[in-house]
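What's in model-v9.cif: mmCIF, C-alpha atoms
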data_my_file
#
loop_
_atom_site.label_atom_id
_atom_site.label_comp_id
_atom_site.auth_asym_id
_atom_site.auth_seq_id
_atom_site.Cartn_x
_atom_site.Cartn_y
_atom_site.Cartn_z
CA MET A 146 -25.17 -10.42 -22.05
CA SER A 147 -27.85 -9.70 -19.46
CA VAL A 148 -28.29 -10.85 -15.88
CA LEU A 149 -30.95 -10.43 -13.22
CA LEU A 150 -29.58 -10.02 -9.70
CA ASP A 151 -32.08 -11.43 -7.18
CA CYS A 152 -31.19 -9.96 -3.75
CA TYR A 153 -32.40 -9.98 -0.17
CA ALA A 154 -32.30 -6.19 -0.44
CA ALA A 155 -30.67 -3.41 -2.44
CA LEU A 156 -29.65 0.13 -1.58
CA VAL A 157 -31.37 1.97 -4.41
CA THR A 158 -31.71 5.67 -5.19
CA VAL A 159 -35.19 7.20 -5.43
CA ASN A 160 -35.39 10.94 -6.15
CA GLY A 161 -31.85 11.41 -4.89
CA VAL A 162 -32.49 9.56 -1.61
CA LEU A 163 -30.89 6.21 -0.70
CA THR A 164 -33.67 3.74 0.04
CA CYS A 165 -33.60 0.10 1.07
CA LEU A 166 -35.61 -2.04 -1.34
CA LYS A 167 -36.44 -5.47 0.07
CA ASP A 168 -36.69 -8.52 -2.23
CA ALA A 169 -34.86 -6.49 -4.85
CA LYS A 170 -34.50 -7.49 -8.48
CA ILE A 171 -31.81 -5.55 -10.36
CA GLY A 172 -31.58 -6.12 -14.10
CA VAL A 173 -28.30 -5.55 -15.93
CA GLU A 174 -28.04 -5.35 -19.70
CA GLY A 175 -24.46 -4.96 -20.89
CA SER A 176 -22.89 -2.12 -18.87
CA PHE A 177 -26.15 -0.62 -17.59
CA ILE A 178 -28.94 -1.20 -15.10
CA ASP A 179 -32.23 -1.61 -16.97
CA TYR A 180 -34.57 -2.78 -14.21
CA VAL A 181 -35.05 -2.01 -10.50
CA GLY A 182 -37.98 -3.49 -8.60
CA SER A 183 -39.25 -5.92 -6.01
CA SER A 184 -41.24 -8.06 -8.44
CA MET A 185 -39.96 -10.20 -11.29
CA PRO A 186 -39.60 -8.17 -14.51
CA GLU A 187 -41.39 -9.16 -17.69
CA LYS A 188 -38.08 -9.20 -19.55
CA LYS A 189 -36.24 -12.50 -19.75
CA TYR A 190 -32.57 -12.23 -18.85
CA ASP A 191 -29.79 -14.53 -20.03
CA SER A 192 -29.18 -15.60 -16.44
CA VAL A 193 -30.41 -15.05 -12.90
CA LYS A 194 -27.84 -14.64 -10.12
CA ASN A 195 -28.99 -15.68 -6.66
CA LEU A 196 -27.99 -13.07 -4.09
CA ARG A 197 -30.80 -13.84 -1.65
CA SER A 198 -28.37 -13.81 1.29
CA SER A 199 -26.86 -10.48 0.26
CA VAL A 200 -27.50 -6.76 0.09
CA LEU A 201 -26.59 -5.13 -3.20
CA ILE A 202 -25.05 -1.67 -2.84
CA PRO A 203 -23.80 0.92 -5.34
CA GLY A 204 -20.10 0.56 -6.11
CA LEU A 205 -17.94 2.42 -3.59
CA VAL A 206 -15.88 5.39 -4.81
CA ASN A 207 -12.57 6.13 -3.06
CA ALA A 208 -12.41 9.88 -3.59
CA HIS A 209 -8.78 10.44 -2.56
CA GLY A 210 -5.68 8.30 -2.42
CA HIS A 211 -2.14 7.56 -3.50
CA SER A 212 -2.56 4.00 -4.64
CA ALA A 213 0.95 2.68 -5.29
CA MET A 214 1.83 3.86 -1.78
CA VAL A 215 0.59 0.45 -0.65
CA LEU A 216 4.24 -0.61 -0.98
CA LEU A 217 5.05 1.75 1.92
CA ARG A 218 2.27 0.47 4.16
CA GLY A 219 3.47 0.46 7.77
CA LEU A 220 6.09 3.19 7.43
CA GLY A 221 5.97 6.48 9.30
CA ASN A 222 3.73 5.45 12.15
CA ALA A 223 3.22 7.89 15.04
CA LEU A 224 4.42 10.90 13.03
CA PRO A 225 2.61 14.19 12.29
CA LEU A 226 2.08 14.96 8.60
CA GLN A 227 5.15 17.14 7.99
CA ASP A 228 7.53 14.68 9.64
CA TRP A 229 5.76 11.83 7.88
CA LEU A 230 6.26 13.50 4.49
CA HIS A 231 9.98 14.03 5.14
CA LEU A 232 10.26 10.29 5.76
CA ILE A 233 8.10 9.16 2.82
CA TRP A 234 9.27 11.51 0.05
CA PRO A 235 12.89 10.25 -0.10
CA ILE A 236 11.66 6.65 -0.32
CA GLU A 237 9.20 7.52 -3.09
CA ASP A 238 12.11 9.05 -5.03
CA LEU A 239 13.73 5.60 -5.02
CA MET A 240 10.70 3.89 -6.57
CA GLU A 241 11.17 2.72 -10.16
CA ASP A 242 8.69 2.08 -12.96
CA GLU A 243 8.05 -1.54 -12.04
CA ASP A 244 7.39 -0.54 -8.43
CA PHE A 245 4.58 1.77 -9.46
CA GLU A 246 3.10 -1.00 -11.61
CA SER A 247 3.28 -3.63 -8.85
CA GLY A 248 1.99 -1.17 -6.26
CA MET A 249 -0.96 -0.15 -8.42
CA ASN A 250 -2.00 -3.73 -9.07
CA LEU A 251 -1.78 -4.58 -5.37
CA SER A 252 -3.94 -1.57 -4.52
CA ILE A 253 -6.55 -2.59 -7.09
CA LEU A 254 -6.76 -6.08 -5.58
CA GLU A 255 -7.43 -4.50 -2.20
CA ALA A 256 -9.96 -2.04 -3.61
CA LEU A 257 -12.00 -4.62 -5.50
CA SER A 258 -12.13 -6.96 -2.51
CA CYS A 259 -13.65 -4.11 -0.47
CA GLY A 260 -16.36 -3.24 -3.00
CA THR A 261 -14.60 -0.24 -4.56
CA THR A 262 -15.45 0.23 -8.22
CA SER A 263 -13.70 3.58 -8.82
CA PHE A 264 -10.95 5.62 -7.21
CA THR A 265 -9.33 9.04 -7.51
CA ASP A 266 -5.55 8.94 -7.44
CA MET A 267 -2.80 11.49 -6.96
CA TYR A 268 0.64 10.00 -7.49
CA MET A 269 3.60 9.67 -9.84
CA HIS A 270 4.27 7.60 -13.00
CA PRO A 271 0.62 7.80 -14.14
CA ASP A 272 1.22 5.74 -17.29
CA TYR A 273 1.51 2.69 -15.06
CA VAL A 274 -1.67 3.64 -13.24
CA ALA A 275 -3.43 3.95 -16.60
CA LYS A 276 -2.18 0.52 -17.66
CA ALA A 277 -3.36 -1.07 -14.42
CA VAL A 278 -6.80 0.53 -14.71
CA GLY A 279 -7.15 -0.62 -18.30
CA GLU A 280 -6.18 -4.21 -17.60
CA SER A 281 -8.08 -4.64 -14.33
CA GLY A 282 -11.48 -3.30 -15.41
CA ILE A 283 -11.81 -0.85 -12.50
CA LYS A 284 -12.53 2.88 -12.95
CA ALA A 285 -10.26 5.72 -11.90
CA ASN A 286 -9.55 9.44 -12.13
CA ILE A 287 -5.77 9.82 -12.15
CA THR A 288 -3.35 12.73 -12.30
CA ARG A 289 0.23 13.88 -12.71
CA VAL A 290 0.62 15.99 -9.61
CA MET A 291 2.04 19.53 -9.74
CA GLN A 292 4.70 20.13 -7.11
CA ASN A 293 7.49 22.69 -7.34
CA PHE A 294 9.52 24.74 -4.85
CA ASP A 295 11.62 26.83 -7.27
CA GLU A 296 10.36 30.36 -7.96
CA LYS A 297 12.59 30.52 -11.06
CA THR A 298 11.00 27.53 -12.79
CA ASP A 299 9.86 28.27 -16.33
CA TYR A 300 6.22 27.25 -16.51
CA LYS A 301 6.08 26.46 -20.23
CA THR A 302 8.98 24.02 -20.09
CA TYR A 303 8.30 22.59 -16.62
CA GLY A 304 8.38 18.80 -16.90
CA ARG A 305 5.41 18.03 -14.66
CA ARG A 306 3.22 20.51 -16.52
CA LEU A 307 4.15 18.89 -19.86
CA GLU A 308 3.51 15.41 -18.47
CA ALA A 309 0.12 16.43 -17.04
CA PHE A 310 -1.23 17.80 -20.31
CA ASP A 311 0.26 14.95 -22.34
CA LEU A 312 -1.44 12.44 -20.04
CA PHE A 313 -4.75 14.29 -20.43
CA LYS A 314 -4.52 14.25 -24.21
CA ARG A 315 -3.59 10.58 -24.43
CA PHE A 316 -5.81 8.95 -21.83
CA ASP A 317 -8.80 11.07 -20.80
CA GLY A 318 -11.95 9.05 -21.50
CA SER A 319 -10.05 5.93 -22.52
CA TYR A 320 -11.11 2.34 -21.83
CA ASP A 321 -14.73 3.13 -22.66
CA GLY A 322 -14.64 6.05 -20.23
CA ARG A 323 -13.38 4.01 -17.29
CA LEU A 324 -10.26 6.18 -17.09
CA LYS A 325 -10.49 9.93 -16.60
CA ILE A 326 -7.52 12.27 -16.31
CA ASP A 327 -7.65 15.08 -13.78
CA PHE A 328 -5.10 17.81 -13.13
CA SER A 329 -3.72 18.08 -9.63
CA ILE A 330 -1.79 20.29 -7.24
CA HIS A 331 -0.20 18.63 -4.26
CA ALA A 332 -0.83 21.56 -1.91
CA GLU A 333 -0.26 25.27 -1.37
CA TYR A 334 2.86 24.65 0.73
CA THR A 335 4.52 22.52 -1.95
CA ASN A 336 4.17 24.99 -4.83
CA THR A 337 5.01 28.52 -5.87
CA ARG A 338 2.22 31.00 -6.52
CA GLY A 339 3.44 32.19 -9.93
CA LEU A 340 3.59 28.66 -11.32
CA LEU A 341 0.08 27.85 -10.11
CA GLU A 342 -1.37 31.08 -11.49
CA GLU A 343 -0.19 30.02 -14.94
CA PHE A 344 -1.42 26.47 -14.35
CA ALA A 345 -4.87 27.72 -13.29
CA LYS A 346 -5.18 29.81 -16.45
CA GLU A 347 -4.25 26.90 -18.68
CA ILE A 348 -6.55 24.34 -17.09
CA LYS A 349 -9.44 26.82 -17.16
CA ALA A 350 -8.94 27.05 -20.92
CA THR A 351 -8.90 23.25 -21.26
CA PRO A 352 -12.35 21.76 -22.00
CA GLY A 353 -13.25 18.97 -19.59
CA ALA A 354 -10.49 19.77 -17.10
CA ARG A 355 -10.94 18.82 -13.44
CA MET A 356 -8.73 19.55 -10.41
CA HIS A 357 -7.66 17.49 -7.40
CA LEU A 358 -5.61 18.87 -4.48
CA HIS A 359 -4.86 18.76 -0.75
CA LEU A 360 -6.39 21.60 1.26
CA SER A 361 -5.97 22.70 4.90
CA GLU A 362 -5.11 19.19 6.04
CA THR A 363 -3.24 20.33 9.15
CA LYS A 364 -3.29 23.29 11.49
CA LYS A 365 0.37 23.97 10.66
CA GLU A 366 -0.33 24.11 6.92
CA HIS A 367 -3.35 26.36 7.43
CA GLU A 368 -1.67 28.84 9.80
CA GLU A 369 1.64 29.07 7.90
CA CYS A 370 -0.26 30.00 4.72
CA ILE A 371 -1.95 32.84 6.64
CA GLN A 372 1.43 33.98 7.97
CA LYS A 373 3.00 33.86 4.52
CA TYR A 374 0.21 35.28 2.34
CA GLY A 375 -2.27 36.82 4.75
CA VAL A 376 -5.05 34.46 3.61
CA THR A 377 -6.11 30.88 4.23
CA PRO A 378 -5.15 28.12 1.73
CA THR A 379 -8.75 28.08 0.50
CA ARG A 380 -8.74 31.82 -0.21
CA TRP A 381 -5.28 31.50 -1.78
CA PHE A 382 -6.45 28.89 -4.29
CA TYR A 383 -9.70 30.80 -4.85
CA ASP A 384 -7.85 34.04 -5.65
CA ILE A 385 -5.51 32.49 -8.20
CA GLY A 386 -8.37 30.80 -10.04
CA VAL A 387 -7.73 27.15 -9.24
CA PHE A 388 -11.38 26.56 -8.25
CA ASP A 389 -12.66 27.86 -11.58
CA VAL A 390 -12.79 24.26 -12.84
CA PRO A 391 -14.57 21.37 -11.04
CA THR A 392 -12.35 20.60 -8.05
CA SER A 393 -12.00 17.91 -5.39
CA ALA A 394 -10.23 19.14 -2.27
CA ALA A 395 -8.91 16.46 0.06
CA HIS A 396 -9.11 16.80 3.86
CA CYS A 397 -10.31 20.41 4.51
CA VAL A 398 -9.86 19.76 8.23
CA TRP A 399 -9.05 23.35 9.21
CA CYS A 400 -11.32 25.23 6.82
CA THR A 401 -13.03 28.26 8.36
CA ASP A 402 -16.69 29.16 7.88
CA GLU A 403 -15.60 31.69 5.25
CA ASP A 404 -13.54 28.98 3.52
CA LEU A 405 -16.61 26.76 3.39
CA ARG A 406 -18.61 29.58 1.80
CA LEU A 407 -15.96 29.88 -0.91
CA LEU A 408 -15.98 26.10 -1.50
CA LYS A 409 -19.77 26.15 -1.77
CA GLU A 410 -19.66 29.12 -4.18
CA LYS A 411 -17.27 27.27 -6.48
CA CYS A 412 -19.02 23.87 -6.10
CA VAL A 413 -15.82 22.29 -4.78
CA THR A 414 -16.17 18.72 -3.53
CA VAL A 415 -14.59 17.90 -0.18
CA ALA A 416 -12.93 14.47 -0.11
CA HIS A 417 -13.22 13.51 3.55
CA ASN A 418 -10.47 11.18 4.84
CA PRO A 419 -11.40 10.46 8.47
CA GLU A 420 -9.01 7.61 9.24
CA SER A 421 -5.94 9.31 7.78
CA ASN A 422 -6.86 12.51 9.62
CA LEU A 423 -7.12 10.57 12.87
CA LYS A 424 -3.95 8.52 12.40
CA LEU A 425 -1.82 11.57 11.58
CA GLY A 426 -3.43 13.62 14.34
CA SER A 427 -4.66 16.22 11.84
CA GLY A 428 -8.05 16.82 13.44
CA PHE A 429 -11.76 16.62 12.61
CA ALA A 430 -13.14 18.14 9.42
CA PRO A 431 -16.36 20.18 9.90
CA VAL A 432 -18.37 17.69 7.86
CA ARG A 433 -21.73 18.46 9.45
CA LYS A 434 -21.35 22.13 8.50
CA MET A 435 -20.36 21.13 4.98
CA LEU A 436 -23.40 18.92 4.52
CA ASP A 437 -25.72 21.55 5.96
CA MET A 438 -24.34 24.10 3.48
CA GLY A 439 -24.95 21.75 0.56
CA ILE A 440 -21.28 21.07 -0.15
CA ASN A 441 -20.72 17.77 -1.93
CA VAL A 442 -18.79 15.62 0.54
CA ALA A 443 -17.19 12.40 -0.75
CA LEU A 444 -15.19 9.80 1.15
CA GLY A 445 -11.59 8.66 0.68
CA THR A 446 -8.97 6.52 2.37
CA ASP A 447 -5.87 8.56 1.54
CA GLY A 448 -2.72 6.50 0.94
CA ALA A 449 -2.01 3.15 2.58
CA ALA A 450 0.98 4.58 4.42
CA SER A 451 -1.21 7.05 6.29
CA ASN A 452 -4.33 4.97 6.88
CA ASN A 453 -3.04 2.06 6.57
CA ASN A 454 -5.53 0.43 4.20
CA LEU A 455 -7.82 1.12 1.26
CA ASN A 456 -10.87 -0.29 3.04
CA MET A 457 -13.87 1.87 2.17
CA ILE A 458 -16.20 -0.22 4.33
CA GLU A 459 -14.07 0.68 7.34
CA GLU A 460 -13.96 4.32 6.21
CA ILE A 461 -17.77 4.42 6.14
CA HIS A 462 -17.90 3.14 9.71
CA THR A 463 -15.32 5.64 10.98
CA ALA A 464 -16.92 8.60 9.19
CA SER A 465 -20.28 7.66 10.64
CA ILE A 466 -19.20 7.73 14.30
CA ILE A 467 -16.33 10.17 14.85
CA HIS A 468 -18.40 13.28 14.23
CA ASN A 469 -21.12 12.06 16.56
CA GLY A 470 -18.53 11.82 19.31
CA TYR A 471 -16.75 15.06 18.47
CA LEU A 472 -20.01 17.03 18.28
CA LEU A 473 -21.59 15.20 21.24
CA ASP A 474 -24.57 14.42 19.01
CA PRO A 475 -25.52 10.82 18.06
CA THR A 476 -27.54 12.18 15.12
CA ALA A 477 -24.73 14.29 13.64
CA ILE A 478 -24.04 12.01 10.67
CA LYS A 479 -26.83 9.68 9.56
CA PRO A 480 -26.17 6.30 7.85
CA GLN A 481 -27.76 7.40 4.57
CA GLU A 482 -25.53 10.48 4.48
CA VAL A 483 -22.27 8.62 4.88
CA LEU A 484 -23.36 5.92 2.42
CA LYS A 485 -24.01 8.67 -0.14
CA MET A 486 -20.55 10.10 0.56
CA ALA A 487 -19.04 6.74 -0.30
CA THR A 488 -21.06 6.22 -3.47
CA VAL A 489 -22.98 8.79 -5.50
CA ASN A 490 -21.19 11.83 -4.00
CA GLY A 491 -17.83 10.33 -4.96
CA ALA A 492 -19.06 9.56 -8.45
CA ARG A 493 -20.27 13.16 -8.80
CA ALA A 494 -16.84 14.40 -7.73
CA GLN A 495 -15.27 12.30 -10.49
CA GLY A 496 -17.62 13.64 -13.14
CA ARG A 497 -19.37 10.26 -13.34
CA GLU A 498 -23.01 11.20 -12.94
CA ASP A 499 -24.07 7.83 -14.38
CA CYS A 500 -22.24 5.72 -11.79
CA SER A 501 -22.53 4.40 -8.21
CA SER A 502 -26.30 4.71 -7.92
CA ILE A 503 -28.74 1.83 -8.36
CA GLU A 504 -31.18 3.37 -10.83
CA VAL A 505 -32.40 2.46 -14.29
CA GLY A 506 -30.05 3.94 -16.89
CA LYS A 507 -27.04 4.09 -14.57
CA ARG A 508 -23.94 2.00 -15.11
CA ALA A 509 -23.88 -1.34 -13.32
CA ASP A 510 -21.18 -0.56 -10.77
CA LEU A 511 -22.27 -2.72 -7.85
CA ALA A 512 -21.05 -4.65 -4.82
CA ALA A 513 -22.72 -7.51 -2.96
CA VAL A 514 -22.46 -7.58 0.84
CA SER A 515 -23.17 -10.91 2.50
CA LEU A 516 -25.60 -11.16 5.42
CA GLU A 517 -24.34 -14.59 6.48
CA ALA A 518 -21.81 -13.62 9.20
CA PRO A 519 -23.01 -13.50 12.82
CA HIS A 520 -22.36 -9.77 13.06
CA MET A 521 -24.83 -9.18 10.22
CA HIS A 522 -27.78 -10.58 12.18
CA PRO A 523 -30.47 -9.48 12.72
CA ALA A 524 -30.93 -7.35 9.61
CA LEU A 525 -33.46 -4.96 11.13
CA ASP A 526 -32.14 -1.76 9.54
CA ILE A 527 -30.11 -2.28 6.37
CA PRO A 528 -28.49 1.20 6.12
CA SER A 529 -27.45 0.99 9.78
CA LEU A 530 -26.18 -2.56 9.28
CA LEU A 531 -24.03 -1.47 6.34
CA THR A 532 -22.74 1.57 8.21
CA TYR A 533 -22.05 0.22 11.69
CA SER A 534 -21.74 -3.57 11.37
CA ALA A 535 -20.47 -4.57 7.93
CA GLN A 536 -16.83 -5.55 7.38
CA ALA A 537 -14.83 -5.60 4.15
CA SER A 538 -14.76 -9.40 4.41
CA ASP A 539 -18.54 -9.36 3.92
CA VAL A 540 -18.10 -8.05 0.36
CA HIS A 541 -18.19 -11.09 -1.88
CA MET A 542 -18.79 -9.61 -5.33
CA THR A 543 -17.71 -6.44 -7.11
CA MET A 544 -19.06 -5.55 -10.55
CA VAL A 545 -17.96 -2.71 -12.85
CA ASP A 546 -19.91 -1.84 -15.99
CA GLY A 547 -21.81 -5.10 -15.67
CA LYS A 548 -18.68 -7.25 -15.45
CA ILE A 549 -17.85 -9.20 -12.29
CA LEU A 550 -14.22 -8.41 -11.44
CA TYR A 551 -14.14 -10.03 -8.00
CA GLU A 552 -16.21 -12.81 -6.45
CA ASN A 553 -15.75 -15.00 -3.39
CA GLY A 554 -12.02 -14.36 -3.13
CA GLU A 555 -11.35 -14.80 -6.84
CA PHE A 556 -10.15 -12.01 -9.14
CA PHE A 557 -11.06 -12.38 -12.82
CA THR A 558 -8.77 -9.77 -14.41
CA LEU A 559 -5.72 -9.96 -12.14
CA ASP A 560 -3.56 -12.88 -11.01
CA LYS A 561 -3.59 -12.40 -7.24
CA ASP A 562 -0.52 -14.55 -6.49
CA LYS A 563 1.49 -12.92 -9.26
CA VAL A 564 0.53 -9.42 -8.15
CA ILE A 565 1.49 -10.08 -4.52
CA PHE A 566 4.77 -11.73 -5.56
CA LYS A 567 5.76 -8.71 -7.67
CA ALA A 568 4.76 -6.29 -4.90
CA GLU A 569 6.90 -8.14 -2.36
CA LYS A 570 9.77 -8.13 -4.86
CA SER A 571 9.45 -4.35 -5.20
CA VAL A 572 9.51 -3.91 -1.43
CA LYS A 573 12.66 -6.01 -1.15
CA LYS A 574 14.37 -3.91 -3.81
CA LEU A 575 13.29 -0.70 -2.09
CA ASN A 576 14.68 -2.07 1.14
CA LYS A 577 18.08 -2.46 -0.48
CA ARG A 578 17.99 1.11 -1.79
CA SER A 579 16.86 2.68 1.45
CA SER A 580 18.03 2.37 5.04
CA THR A 581 14.60 3.53 6.29
CA ILE A 582 12.53 0.47 5.34
#
Show how you would write the structure in this file as structure tokens.
Amino acid sequence: MSVLLDCYAALVTVNGVLTCLKDAKIGVEGSFIDYVGSSMPEKKYDSVKNLRSSVLIPGLVNAHGHSAMVLLRGLGNALPLQDWLHLIWPIEDLMEDEDFESGMNLSILEALSCGTTSFTDMYMHPDYVAKAVGESGIKANITRVMQNFDEKTDYKTYGRRLEAFDLFKRFDGSYDGRLKIDFSIHAEYTNTRGLLEEFAKEIKATPGARMHLHLSETKKEHEECIQKYGVTPTRWFYDIGVFDVPTSAAHCVWCTDEDLRLLKEKCVTVAHNPESNLKLGSGFAPVRKMLDMGINVALGTDGAASNNNLNMIEEIHTASIIHNGYLLDPTAIKPQEVLKMATVNGARAQGREDCSSIEVGKRADLAAVSLEAPHMHPALDIPSLLTYSAQASDVHMTMVDGKILYENGEFFTLDKDKVIFKAEKSVKKLNKRSSTI
């Protein structure tokens, strides 16, 4: 099936630069974009979709999160990260298989309604994440996170290591490539060095392996690593070989200039999570320095218990203004830069070079943003409008691989009422198991 999307404007990519194309016509044949222009194509499409009151944007990529954590939304407010973790971890230990399934489906509803077409996830029970991705039609890079505090653990028989490689073998590239399996390390402070040295060696020898981890999220984490090992977390991971495979490092708030040089050397992507960093009081990542050095910076929400939403439109807005204020420079982060963070940069971090860019030959991962609300008038500068004015409620269509998964409040692959009912049921059961909720 083919469709021509006739838009007021589209945020297209020309020679690597995001450009606003007025009176845009975007042709979709199957899973791919086969026409981009402002005039009607010669080709006849099966249908023409009228989006004349909308701007078409590349699908948003949430580069870091813990999706099923939506069930814990609202817990741990006004706590620094370490105290927050000590509250959240015991509750997560009480979550059962069906909770991860209901949480994942709820998070996917939220993601699709905000224009997100792909997400990178670090959480437990990944089989349920894989199932949810397969059934919903969204894209994701998921992991089985490595976390271990026991120096005596035998690496070869360690359960999480076995689960991680089994997941990779069974699911990487499944669902027509919509699902990718990454390897992940929670953080330096939640693992032993010997175990991770072995892990780094094994993933380096695994074709197609990618890494996802937390890095220098807080000042406490950063300084305690220096006290313990004499090096920063970035240098620690660098020295043991973790960055020898394509890596996405979440947060990087306290990275030094030397750390940034190491990240650039190893082509590590930084997954910037501005709202989570602000809510937990973690600080301001040196994003301007990263961009100036040519580091690939993507954008993520983090989990819904530390944000407290999966709203990438809101994340774009926050990322676009906080650095201007912190650096006392209204030009510090430009709209096109933050829009690239949320789209093509995130896709690059996931190893999806053919996604989240409106170009001929790329996959049709798209979102339509309505211009009808009062706050979207006048539309004088489309990139600025998308960055500073748009709300998640303005997203009225989300398409993945040429298939519309969400439109005007309706989900076509998930039963919204059923998903919310099961999520609420999981929360009630967790409440009975825990005195904290």
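If you measure from each of A:Gly161, A:Pro528, A:Gly506, A:Pro378 to A:Ile178 using only C-alpha atoms, the closest one turns out to be A:Gly506.
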Near-A:Ser147 list (10 Å; only C-alpha atoms; drop same-chain fewer than 4 positions) as a ChimeraX atom specification: /A:172-179,189-193,547
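The spacing separating atom CA of A:Leu516 from atom CA of A:Thr463 amounts to 20.5 Å.
Those residues returned by the PyMOL selection byres ((chain A and resi 396-402) around 8) for this file are A:His359, A:Leu360, A:Ser361, A:Glu362, A:Thr363, A:Lys364, A:His367, A:Thr379, A:Ala394, A:Ala395, A:Glu403, A:Asp404, A:Leu405, A:Arg406, A:Val415, A:Ala416, A:His417, A:Asn418, A:Asn422, A:Ser427, A:Gly428, A:Phe429, A:Ala430, A:Pro431.
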Residues in the PyMOL selection byres ((chain A and resi 164-169) around 7), expressed as a PyMOL selection string: chain A and resi 151-159+162-163+170-171+182-183+527
Explicit residues for the PyMOL selection byres ((chain A and resi 342-346) around 12) (as a count of residues only): 44
Spatial neighbours of A:Val274, 7 Å, only C-alpha atoms, chain gap at least 3 places, as a ChimeraX atom specification: /A:246,249,271,277-278
Selection as a ChimeraX atom specification: residues within 12 Å of (-8.4, -10.4, -12.7), counting only C-alpha atoms: /A:250-251,253-254,257-258,277-283,543-544,548-552,554-564
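When only C-alpha atoms are used to compute distances to A:Ser319, the closest of the residues A:Leu358, A:Leu530, A:Ala275, A:Leu511 turns out to be A:Ala275.
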Do a neighbour search on A:Lys577 at 12 Å with only C-alpha atoms, toss out local chain neighbours closer than 5 positions, and write the hits as a short mmCIF file (atom, residue, chain, number, x, y, z; two decimals) with C-alpha atoms, in the coordinates of the input.
data_model
loop_
_atom_site.label_atom_id
_atom_site.label_comp_id
_atom_site.auth_asym_id
_atom_site.auth_seq_id
_atom_site.Cartn_x
_atom_site.Cartn_y
_atom_site.Cartn_z
CA ILE A 236 11.66 6.65 -0.32
CA LEU A 239 13.73 5.60 -5.02
CA MET A 240 10.70 3.89 -6.57
CA LYS A 570 9.77 -8.13 -4.86
CA SER A 571 9.45 -4.35 -5.20
CA VAL A 572 9.51 -3.91 -1.43
CA ILE A 582 12.53 0.47 5.34
#
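The spacing separating atom CA of A:Gly219 from atom CA of A:Asn452 amounts to 9.1 Å.
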Straight-line distance linking atom CA of A:Trp234 with atom CA of A:Lys365, stated in Å to one decimal: 18.6 Å
May I ask you to restore N, CA, C and O atoms in stretch 203-212 of chain A and write the result as a PDB file, in the coordinates of the input?
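selection_35.pdb was written with the following content:
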ATOM      1  N   PRO A 203     -24.538   0.265  -4.246  1.00  0.00           N
ATOM      2  CA  PRO A 203     -23.800   0.920  -5.340  1.00  0.00           C
ATOM      3  C   PRO A 203     -22.296   0.737  -5.125  1.00  0.00           C
ATOM      4  O   PRO A 203     -21.819   0.647  -3.992  1.00  0.00           O
ATOM      5  N   GLY A 204     -21.555   0.684  -6.214  1.00  0.00           N
ATOM      6  CA  GLY A 204     -20.100   0.560  -6.110  1.00  0.00           C
ATOM      7  C   GLY A 204     -19.518   1.712  -5.296  1.00  0.00           C
ATOM      8  O   GLY A 204     -19.934   2.864  -5.440  1.00  0.00           O
ATOM      9  N   LEU A 205     -18.557   1.403  -4.436  1.00  0.00           N
ATOM     10  CA  LEU A 205     -17.940   2.420  -3.590  1.00  0.00           C
ATOM     11  C   LEU A 205     -16.902   3.203  -4.384  1.00  0.00           C
ATOM     12  O   LEU A 205     -16.179   2.642  -5.215  1.00  0.00           O
ATOM     13  N   VAL A 206     -16.828   4.497  -4.111  1.00  0.00           N
ATOM     14  CA  VAL A 206     -15.880   5.390  -4.810  1.00  0.00           C
ATOM     15  C   VAL A 206     -14.902   5.935  -3.779  1.00  0.00           C
ATOM     16  O   VAL A 206     -15.289   6.649  -2.852  1.00  0.00           O
ATOM     17  N   ASN A 207     -13.632   5.606  -3.935  1.00  0.00           N
ATOM     18  CA  ASN A 207     -12.570   6.130  -3.060  1.00  0.00           C
ATOM     19  C   ASN A 207     -12.124   7.464  -3.640  1.00  0.00           C
ATOM     20  O   ASN A 207     -11.415   7.519  -4.640  1.00  0.00           O
ATOM     21  N   ALA A 208     -12.542   8.546  -3.004  1.00  0.00           N
ATOM     22  CA  ALA A 208     -12.410   9.880  -3.590  1.00  0.00           C
ATOM     23  C   ALA A 208     -11.037  10.516  -3.433  1.00  0.00           C
ATOM     24  O   ALA A 208     -10.796  11.594  -3.977  1.00  0.00           O
ATOM     25  N   HIS A 209     -10.132   9.874  -2.690  1.00  0.00           N
ATOM     26  CA  HIS A 209      -8.780  10.440  -2.560  1.00  0.00           C
ATOM     27  C   HIS A 209      -7.804   9.380  -2.087  1.00  0.00           C
ATOM     28  O   HIS A 209      -8.037   8.710  -1.081  1.00  0.00           O
ATOM     29  N   GLY A 210      -6.709   9.245  -2.838  1.00  0.00           N
ATOM     30  CA  GLY A 210      -5.680   8.300  -2.420  1.00  0.00           C
ATOM     31  C   GLY A 210      -4.414   8.436  -3.235  1.00  0.00           C
ATOM     32  O   GLY A 210      -4.323   9.233  -4.177  1.00  0.00           O
ATOM     33  N   HIS A 211      -3.453   7.640  -2.845  1.00  0.00           N
ATOM     34  CA  HIS A 211      -2.140   7.560  -3.500  1.00  0.00           C
ATOM     35  C   HIS A 211      -1.839   6.070  -3.607  1.00  0.00           C
ATOM     36  O   HIS A 211      -1.146   5.491  -2.771  1.00  0.00           O
ATOM     37  N   SER A 212      -2.387   5.441  -4.640  1.00  0.00           N
ATOM     38  CA  SER A 212      -2.560   4.000  -4.640  1.00  0.00           C
ATOM     39  C   SER A 212      -1.286   3.180  -4.527  1.00  0.00           C
ATOM     40  O   SER A 212      -1.210   2.245  -3.720  1.00  0.00           O
TER      41      SER A 212
END
